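Accompanying notes for the structure given below.
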Amino acid sequence: MPYRHAHWYVLALLPLIGIAFFPTYWSVLPAAPWEFHVHGATAFAWLLLVGLQSWTIHHGQRLPHRAFGRSSLLLFPLFLAGGVGVLFGMSRQMVAGSEFHTLYAARLVWLDAASVLMMAWFFHEALRHRRTVRLHSAYMLATVIALLPPILGRLTAIPLGVTGPGTFDRLYPGFIAGQLLAAGIAFLIARGRGAEGRPWRIAGWLSIAGGVAFATVGGMSWWRDLYAGAATLPSAPFMLTTLVAAGAVSWSGWQSGKRPQLGSAIAA
């Protein structure tokens, strides 16, 4: 089986989430918008699911592996809906004058957009190639690259001396570094893997694209003004629309990965 130790790397990210998000989420947990809680819970659950899927298949536990795979059909739409919801939550925090979100919310939208695109594309392909072990594993594990930059970017708060309000301005190079580190990890994994390396290469380039947009368009005044308008909109309808769209992605991927029926194969 490919990626024999992947589950240890994925599961090692879970405690890092606590460290990375302490200044901007855990320390202000009661005051955080509800969309942040949905996003945090579903992102944590996704990492746990991917890690457990890897662990079960490498320990011969095929039935639990398949059960986790089927549960991903439900978790994926919830995760994507949470990701869209947090964009509206960040906009309201920015307009309300939260220091962190005043500095970064309009920029972070572009990182999140790259991550949502990556997740949707890779999960669809993971389902479509679920009978081809190497491609299925690559696409499923590559979804983790979408979640790396927020963790890595915030972890740079430690060497950059970010301790809370009043020091958040130091995080700017950390977010860029998080994108580049995620891209570097993706390209490193892709080396020598041929077609199997395609999802990793795509993940690397999307991470770089997100970082470029963060540093350029994300800081433009016209974009900031446009994004501020999202603060006046209810997030629930957009989250529900995303839930339905993500469900369609799951259904399409699942249907594409089905074995062709005998009659269809003969006719072809």
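Labels for the structure tokens follow display order: chains A, B, ..., residues from 1 in each chain, ligands from 1.
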Skipping near chain neighbours, those fewer than 3 positions away, what residues fall within 7 Å of stretch 32-36 of chain A using only C-alpha atoms, listed as a ChimeraX atom specification?
/A:25,28-29,39-40,82,85-86,89
Mind writing the picked residues with C-alpha atoms as a compact mmCIF listing (two decimals), in the first residue's frame?
```
# COMPACT_ATOMS: atom_id res chain seq x y z
CA TYR A 25 -9.53 31.36 18.27
CA VAL A 28 -11.46 34.12 22.49
CA LEU A 29 -13.60 31.00 22.10
CA HIS A 39 -15.47 25.46 10.37
CA GLY A 40 -13.12 24.44 13.17
CA GLY A 82 -18.30 25.63 7.19
CA GLY A 85 -19.56 30.34 6.47
CA VAL A 86 -16.28 31.44 8.01
CA GLY A 89 -17.88 35.53 9.95
```
Could you pull out the residues in stretch 1-244 of chain A that DSSP calls alpha helix (DSSP H) from the backbone, as a ChimeraX atom specification?
/A:6-20,34-58,62-96,99-128,133-155,157-160,172-190,198-215,221-228,235-244
Polymer residues at most 8 Å from A:Ser91, only C-alpha atoms, same-chain spacing of 3 or more positions, as a ChimeraX atom specification
/A:87-88,94-95,101,105-106,227-231
Same residues, C-alpha atoms, output as a PDB file, in the first residue's frame:
```
ATOM      1  CA  LEU A  87     -15.802  33.945   5.164  1.00  0.00           C
ATOM      2  CA  PHE A  88     -18.926  35.795   6.317  1.00  0.00           C
ATOM      3  CA  MET A  94     -13.357  42.914  10.174  1.00  0.00           C
ATOM      4  CA  VAL A  95     -16.143  45.505  10.053  1.00  0.00           C
ATOM      5  CA  HIS A 101      -9.445  40.450  10.959  1.00  0.00           C
ATOM      6  CA  ALA A 105      -9.645  38.909   6.725  1.00  0.00           C
ATOM      7  CA  ALA A 106      -9.823  40.334   3.186  1.00  0.00           C
ATOM      8  CA  TYR A 227     -15.589  42.092   0.950  1.00  0.00           C
ATOM      9  CA  ALA A 228     -16.849  44.355   3.742  1.00  0.00           C
ATOM     10  CA  GLY A 229     -20.273  44.171   2.082  1.00  0.00           C
ATOM     11  CA  ALA A 230     -20.468  40.480   3.007  1.00  0.00           C
ATOM     12  CA  ALA A 231     -20.844  41.564   6.638  1.00  0.00           C
TER      13      ALA A 231
END
```
Find the spatial neighbours of stretch 138-146 of chain A, counting only C-alpha atoms, within a cut-off of 8 Å - ignore same-chain residues fewer than 2 positions away - and output them as a VMD selection string.
chain A and resid 6 10 47 50 114 to 116 118 to 119 122 to 123 125 to 126 134 to 136 148 to 149 182 to 183 186 196 to 197 199 to 200 203 207
Quick one: everything within 12 Å of A:Gly60, counting only C-alpha atoms, minus sequence neighbours fewer than 6 positions away in the same chain. Send it as a compact mmCIF listing (two decimals) with C-alpha atoms, in the first residue's frame.
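Once everything was written out, this is part.txt:
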```txt
# COMPACT_ATOMS: atom_id res chain seq x y z
CA MET A 1 0.00 0.00 0.00
CA ARG A 4 2.42 3.65 4.63
CA GLN A 53 -8.73 6.01 6.79
CA SER A 54 -5.00 5.71 6.21
CA ARG A 66 -14.97 1.70 3.92
```
May I have the residues within 12 Å of A:Ser27 as a PyMOL selection string, using only C-alpha atoms and disregarding those fewer than 5 positions away in the same chain?
chain A and resi 18-22+32+163-165
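Taking only C-alpha atoms into account, A:Gly218 lies nearest to A:Ala113 out of the set A:Ala45, A:Leu171, A:Val249, A:Ala113.
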Which residues are close to A:Asp169, i.e. within 12 Å by only C-alpha atoms, leaving aside same-chain residues fewer than 4 positions away? Reply as a ChimeraX atom specification.
/A:99-104,157,160-165,173-175
Save the residues we just selected, N, CA and C atoms, as a PDB file, in the first residue's frame?
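Printed below is selection.pdb as written:
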```pdb
ATOM      1  N   GLU A  99      -8.822  43.363  15.545  1.00  0.00           N
ATOM      2  CA  GLU A  99      -7.487  43.683  15.032  1.00  0.00           C
ATOM      3  C   GLU A  99      -6.999  42.654  14.020  1.00  0.00           C
ATOM      4  N   PHE A 100      -7.100  41.382  14.375  1.00  0.00           N
ATOM      5  CA  PHE A 100      -6.613  40.338  13.485  1.00  0.00           C
ATOM      6  C   PHE A 100      -7.342  40.383  12.156  1.00  0.00           C
ATOM      7  N   HIS A 101      -8.666  40.505  12.193  1.00  0.00           N
ATOM      8  CA  HIS A 101      -9.445  40.450  10.959  1.00  0.00           C
ATOM      9  C   HIS A 101      -9.359  41.755  10.173  1.00  0.00           C
ATOM     10  N   THR A 102      -9.139  42.861  10.846  1.00  0.00           N
ATOM     11  CA  THR A 102      -8.901  44.112  10.131  1.00  0.00           C
ATOM     12  C   THR A 102      -7.639  43.999   9.281  1.00  0.00           C
ATOM     13  N   LEU A 103      -6.642  43.337   9.827  1.00  0.00           N
ATOM     14  CA  LEU A 103      -5.382  43.174   9.114  1.00  0.00           C
ATOM     15  C   LEU A 103      -5.451  42.128   8.007  1.00  0.00           C
ATOM     16  N   TYR A 104      -6.181  41.021   8.250  1.00  0.00           N
ATOM     17  CA  TYR A 104      -5.995  39.861   7.380  1.00  0.00           C
ATOM     18  C   TYR A 104      -7.252  39.276   6.745  1.00  0.00           C
ATOM     19  N   ALA A 157       3.715  32.275  14.357  1.00  0.00           N
ATOM     20  CA  ALA A 157       3.553  33.276  15.419  1.00  0.00           C
ATOM     21  C   ALA A 157       4.584  33.094  16.519  1.00  0.00           C
ATOM     22  N   LEU A 160       7.949  34.460  15.299  1.00  0.00           N
ATOM     23  CA  LEU A 160       7.771  35.869  14.962  1.00  0.00           C
ATOM     24  C   LEU A 160       7.402  36.721  16.173  1.00  0.00           C
ATOM     25  N   GLY A 161       7.208  36.085  17.315  1.00  0.00           N
ATOM     26  CA  GLY A 161       6.908  36.819  18.543  1.00  0.00           C
ATOM     27  C   GLY A 161       5.493  37.337  18.647  1.00  0.00           C
ATOM     28  N   VAL A 162       4.553  36.662  17.979  1.00  0.00           N
ATOM     29  CA  VAL A 162       3.146  37.052  18.065  1.00  0.00           C
ATOM     30  C   VAL A 162       2.543  36.413  19.313  1.00  0.00           C
ATOM     31  N   THR A 163       2.058  37.250  20.218  1.00  0.00           N
ATOM     32  CA  THR A 163       1.519  36.748  21.486  1.00  0.00           C
ATOM     33  C   THR A 163       0.046  37.075  21.665  1.00  0.00           C
ATOM     34  N   GLY A 164      -0.525  37.880  20.771  1.00  0.00           N
ATOM     35  CA  GLY A 164      -1.924  38.277  20.905  1.00  0.00           C
ATOM     36  C   GLY A 164      -2.123  39.659  20.326  1.00  0.00           C
ATOM     37  N   PRO A 165      -3.237  40.321  20.665  1.00  0.00           N
ATOM     38  CA  PRO A 165      -3.495  41.669  20.155  1.00  0.00           C
ATOM     39  C   PRO A 165      -2.309  42.603  20.385  1.00  0.00           C
ATOM     40  N   PRO A 173       4.341  37.930   7.119  1.00  0.00           N
ATOM     41  CA  PRO A 173       5.276  37.009   6.439  1.00  0.00           C
ATOM     42  C   PRO A 173       5.014  35.555   6.801  1.00  0.00           C
ATOM     43  N   GLY A 174       4.423  35.328   7.979  1.00  0.00           N
ATOM     44  CA  GLY A 174       4.112  33.961   8.388  1.00  0.00           C
ATOM     45  C   GLY A 174       3.063  33.317   7.499  1.00  0.00           C
ATOM     46  N   PHE A 175       2.046  34.099   7.100  1.00  0.00           N
ATOM     47  CA  PHE A 175       1.024  33.545   6.212  1.00  0.00           C
ATOM     48  C   PHE A 175       1.613  33.210   4.837  1.00  0.00           C
TER      49      PHE A 175
END
```
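Checking A:Met220, A:Ala43, A:Ile176, A:Ile57 one by one against A:Ser137, counting only C-alpha atoms, you find the shortest gap at A:Ile57.
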